[in-house]
Amino acid sequence: MKKVLAIHIWCFIVTIANAQSVTSDEYWSIANERAGKIAAALNITDSTKFYKVKELIAKEYVAIKEIDERKVNALTAIKTNIADKNEAEIEKTRITTLFEQERALINKQFVAALSTEVSPEQIEQIKNGMTYNVLPITYKGYLEMIPRLTEEEREYIYAALVEAREHAMAAGSSKEKHEWFGKYKGRINNFLSARGYDMNKESKDWQERVKQQNLN
């Protein structure tokens, strides 16, 4: 009986997770504004293509928002319907995995749709625009902090930041996007520490150099 009940609860939660949420007109307006700013930076002269790209970006923002809303509803359903803590944690893990897979899929589809409209360089601009340009800013920071980085080390740092950006693109909030970069910056710092760099010293020395440059 308990097993049958658990199956019914799981089916109920999955139904919630897959339900189409209704995104408010207010968020559509926000998504369109963000998309417009990102698309404008691409300098697309063809107005039809410009609005197509803007629409793709706006729809991606809305799709991510809807995933967030359904995830919240599904996790709430777990908390409400499953009393056993261990079972609840198992279901939370399953639901989280389900949504992360969906995020990865829509991100892949989004990039594929963009590739039919704009160049690879413009796709890079869009990705950076949707993630507050954290990748180029952070990469530049590492190069300035440790100018003697080898080519291999630079490649590792850039590849790690690219991977972080892919996750951040599909994250819903600014906080979550920055958390993804924070996670990968931790990996980068561990990698560099293992290569013999004293990251605390490197950071302090860099800050001092910047301070001296500002005084000159």
# chains A, B, ... in the order shown; residues from 1 in each chain; ligands from 1
call {"tool": "residues_around", "arguments": {"residues": "Lys140 in chain A", "least_positions_apart": "6", "cutoff": "12 Å", "atoms": "only C-alpha atoms", "output": "PDB file with all heavy atoms, in the first residue's frame"}}
result
ATOM      1  N   ASN A 133      28.590  39.354 -18.666  1.00  0.00           N
ATOM      2  CA  ASN A 133      29.982  39.444 -19.130  1.00  0.00           C
ATOM      3  C   ASN A 133      30.987  38.960 -18.080  1.00  0.00           C
ATOM      4  O   ASN A 133      32.145  39.403 -18.051  1.00  0.00           O
ATOM      5  CB  ASN A 133      30.322  40.883 -19.536  1.00  0.00           C
ATOM      6  CG  ASN A 133      29.667  41.267 -20.845  1.00  0.00           C
ATOM      7  OD1 ASN A 133      29.857  40.621 -21.870  1.00  0.00           O
ATOM      8  ND2 ASN A 133      28.857  42.319 -20.813  1.00  0.00           N
ATOM      9  N   VAL A 134      30.548  38.039 -17.239  1.00  0.00           N
ATOM     10  CA  VAL A 134      31.435  37.531 -16.183  1.00  0.00           C
ATOM     11  C   VAL A 134      32.634  36.786 -16.785  1.00  0.00           C
ATOM     12  O   VAL A 134      33.753  36.896 -16.284  1.00  0.00           O
ATOM     13  CB  VAL A 134      30.658  36.613 -15.208  1.00  0.00           C
ATOM     14  CG1 VAL A 134      31.622  35.958 -14.208  1.00  0.00           C
ATOM     15  CG2 VAL A 134      29.601  37.416 -14.465  1.00  0.00           C
ATOM     16  N   ILE A 146      47.959  37.068 -12.708  1.00  0.00           N
ATOM     17  CA  ILE A 146      49.138  36.201 -12.856  1.00  0.00           C
ATOM     18  C   ILE A 146      49.608  36.257 -14.316  1.00  0.00           C
ATOM     19  O   ILE A 146      49.282  35.373 -15.125  1.00  0.00           O
ATOM     20  CB  ILE A 146      48.813  34.742 -12.457  1.00  0.00           C
ATOM     21  CG1 ILE A 146      48.029  34.697 -11.141  1.00  0.00           C
ATOM     22  CG2 ILE A 146      50.100  33.919 -12.340  1.00  0.00           C
ATOM     23  CD1 ILE A 146      47.580  33.313 -10.726  1.00  0.00           C
ATOM     24  N   PRO A 147      50.357  37.285 -14.685  1.00  0.00           N
ATOM     25  CA  PRO A 147      50.797  37.435 -16.086  1.00  0.00           C
ATOM     26  C   PRO A 147      51.659  36.281 -16.594  1.00  0.00           C
ATOM     27  O   PRO A 147      51.737  36.050 -17.803  1.00  0.00           O
ATOM     28  CB  PRO A 147      51.609  38.739 -16.053  1.00  0.00           C
ATOM     29  CG  PRO A 147      51.131  39.461 -14.831  1.00  0.00           C
ATOM     30  CD  PRO A 147      50.802  38.393 -13.840  1.00  0.00           C
ATOM     31  N   LEU A 149      51.166  33.124 -16.343  1.00  0.00           N
ATOM     32  CA  LEU A 149      50.423  31.885 -16.604  1.00  0.00           C
ATOM     33  C   LEU A 149      50.885  31.248 -17.911  1.00  0.00           C
ATOM     34  O   LEU A 149      51.117  31.942 -18.904  1.00  0.00           O
ATOM     35  CB  LEU A 149      48.921  32.168 -16.703  1.00  0.00           C
ATOM     36  CG  LEU A 149      48.168  32.490 -15.411  1.00  0.00           C
ATOM     37  CD1 LEU A 149      46.792  33.040 -15.733  1.00  0.00           C
ATOM     38  CD2 LEU A 149      48.066  31.261 -14.520  1.00  0.00           C
ATOM     39  N   ARG A 154      46.234  28.967 -19.076  1.00  0.00           N
ATOM     40  CA  ARG A 154      45.249  29.903 -19.642  1.00  0.00           C
ATOM     41  C   ARG A 154      44.104  29.160 -20.310  1.00  0.00           C
ATOM     42  O   ARG A 154      42.937  29.534 -20.180  1.00  0.00           O
ATOM     43  CB  ARG A 154      45.932  30.829 -20.659  1.00  0.00           C
ATOM     44  CG  ARG A 154      46.944  31.777 -20.028  1.00  0.00           C
ATOM     45  CD  ARG A 154      47.564  32.697 -21.054  1.00  0.00           C
ATOM     46  NE  ARG A 154      48.564  33.565 -20.450  1.00  0.00           N
ATOM     47  CZ  ARG A 154      48.805  34.818 -20.852  1.00  0.00           C
ATOM     48  NH1 ARG A 154      48.150  35.326 -21.867  1.00  0.00           N
ATOM     49  NH2 ARG A 154      49.722  35.541 -20.245  1.00  0.00           N
ATOM     50  N   ILE A 157      41.772  27.727 -17.653  1.00  0.00           N
ATOM     51  CA  ILE A 157      40.938  28.774 -17.050  1.00  0.00           C
ATOM     52  C   ILE A 157      39.796  29.146 -17.989  1.00  0.00           C
ATOM     53  O   ILE A 157      38.631  29.229 -17.569  1.00  0.00           O
ATOM     54  CB  ILE A 157      41.787  30.020 -16.718  1.00  0.00           C
ATOM     55  CG1 ILE A 157      42.764  29.692 -15.588  1.00  0.00           C
ATOM     56  CG2 ILE A 157      40.894  31.198 -16.322  1.00  0.00           C
ATOM     57  CD1 ILE A 157      43.826  30.755 -15.364  1.00  0.00           C
ATOM     58  N   TYR A 158      40.124  29.354 -19.254  1.00  0.00           N
ATOM     59  CA  TYR A 158      39.095  29.773 -20.207  1.00  0.00           C
ATOM     60  C   TYR A 158      38.048  28.676 -20.386  1.00  0.00           C
ATOM     61  O   TYR A 158      36.842  28.951 -20.393  1.00  0.00           O
ATOM     62  CB  TYR A 158      39.728  30.121 -21.553  1.00  0.00           C
ATOM     63  CG  TYR A 158      38.765  30.812 -22.486  1.00  0.00           C
ATOM     64  CD1 TYR A 158      38.503  32.168 -22.350  1.00  0.00           C
ATOM     65  CD2 TYR A 158      38.103  30.114 -23.500  1.00  0.00           C
ATOM     66  CE1 TYR A 158      37.606  32.813 -23.180  1.00  0.00           C
ATOM     67  CE2 TYR A 158      37.198  30.744 -24.338  1.00  0.00           C
ATOM     68  CZ  TYR A 158      36.960  32.096 -24.175  1.00  0.00           C
ATOM     69  OH  TYR A 158      36.062  32.728 -24.985  1.00  0.00           O
ATOM     70  N   LEU A 161      35.696  28.540 -17.435  1.00  0.00           N
ATOM     71  CA  LEU A 161      34.755  29.664 -17.434  1.00  0.00           C
ATOM     72  C   LEU A 161      33.681  29.488 -18.507  1.00  0.00           C
ATOM     73  O   LEU A 161      32.526  29.876 -18.306  1.00  0.00           O
ATOM     74  CB  LEU A 161      35.509  30.980 -17.640  1.00  0.00           C
ATOM     75  CG  LEU A 161      36.414  31.412 -16.478  1.00  0.00           C
ATOM     76  CD1 LEU A 161      37.227  32.639 -16.862  1.00  0.00           C
ATOM     77  CD2 LEU A 161      35.587  31.684 -15.222  1.00  0.00           C
TER      78      LEU A 161
END
call {"tool": "residues_around", "arguments": {"residues": "Gly129 in chain A", "least_positions_apart": "6", "cutoff": "12 Å", "atoms": "only C-alpha atoms", "output": "number ranges by chain"}}
result
A: 34-42, 57, 122-123, 135-137, 165, 168-169
call {"tool": "write_last_selection", "arguments": {"atoms": "N, CA and C atoms", "output": "compact mmCIF listing (two decimals), in the first residue's frame"}}
result
# COMPACT_ATOMS: atom_id res chain seq x y z
N ARG A 34 15.45 43.07 -21.69
CA ARG A 34 16.79 42.48 -21.61
C ARG A 34 17.25 42.00 -22.99
N ALA A 35 16.35 41.32 -23.68
CA ALA A 35 16.69 40.79 -25.00
C ALA A 35 17.02 41.91 -25.97
N GLY A 36 16.28 43.02 -25.87
CA GLY A 36 16.53 44.16 -26.76
C GLY A 36 17.91 44.74 -26.57
N LYS A 37 18.35 44.84 -25.32
CA LYS A 37 19.68 45.39 -25.04
C LYS A 37 20.78 44.49 -25.58
N ILE A 38 20.59 43.18 -25.41
CA ILE A 38 21.60 42.23 -25.88
C ILE A 38 21.64 42.21 -27.40
N ALA A 39 20.47 42.20 -28.03
CA ALA A 39 20.40 42.17 -29.49
C ALA A 39 20.96 43.46 -30.10
N ALA A 40 20.72 44.59 -29.43
CA ALA A 40 21.20 45.88 -29.96
C ALA A 40 22.72 45.92 -30.05
N ALA A 41 23.39 45.24 -29.11
CA ALA A 41 24.86 45.24 -29.09
C ALA A 41 25.46 44.43 -30.23
N LEU A 42 24.63 43.65 -30.93
CA LEU A 42 25.13 42.81 -32.03
C LEU A 42 25.28 43.58 -33.34
N ILE A 57 15.92 35.38 -27.81
CA ILE A 57 16.52 35.65 -26.51
C ILE A 57 15.43 35.83 -25.45
N GLN A 122 28.83 36.42 -32.68
CA GLN A 122 27.65 37.07 -32.12
C GLN A 122 26.98 36.19 -31.07
N ILE A 123 27.05 34.89 -31.25
CA ILE A 123 26.53 33.97 -30.23
C ILE A 123 27.32 34.14 -28.94
N LEU A 135 32.41 36.03 -17.86
CA LEU A 135 33.51 35.26 -18.45
C LEU A 135 34.67 36.16 -18.90
N PRO A 136 34.45 37.12 -19.81
CA PRO A 136 35.60 37.94 -20.24
C PRO A 136 36.21 38.76 -19.12
N ILE A 137 35.39 39.24 -18.20
CA ILE A 137 35.91 40.05 -17.10
C ILE A 137 36.79 39.19 -16.18
N ARG A 165 29.74 29.32 -17.80
CA ARG A 165 28.79 30.18 -18.51
C ARG A 165 27.61 29.40 -19.07
N ALA A 168 25.38 28.92 -16.24
CA ALA A 168 24.83 30.21 -15.81
C ALA A 168 23.77 30.73 -16.76
N MET A 169 23.93 30.46 -18.05
CA MET A 169 22.94 30.91 -19.04
C MET A 169 21.55 30.39 -18.72
call {"tool": "atom_distance", "arguments": {"atom1": "CA of Asn189 in chain A", "atom2": "CA of Glu163 in chain A"}}
result
15.3 Å
call {"tool": "closest_residue", "arguments": {"among": "A:Ile64, A:Val53, A:Lys79, A:Asp46", "to": "Ser115 in chain A", "atoms": "only C-alpha atoms"}}
result
A:Val53
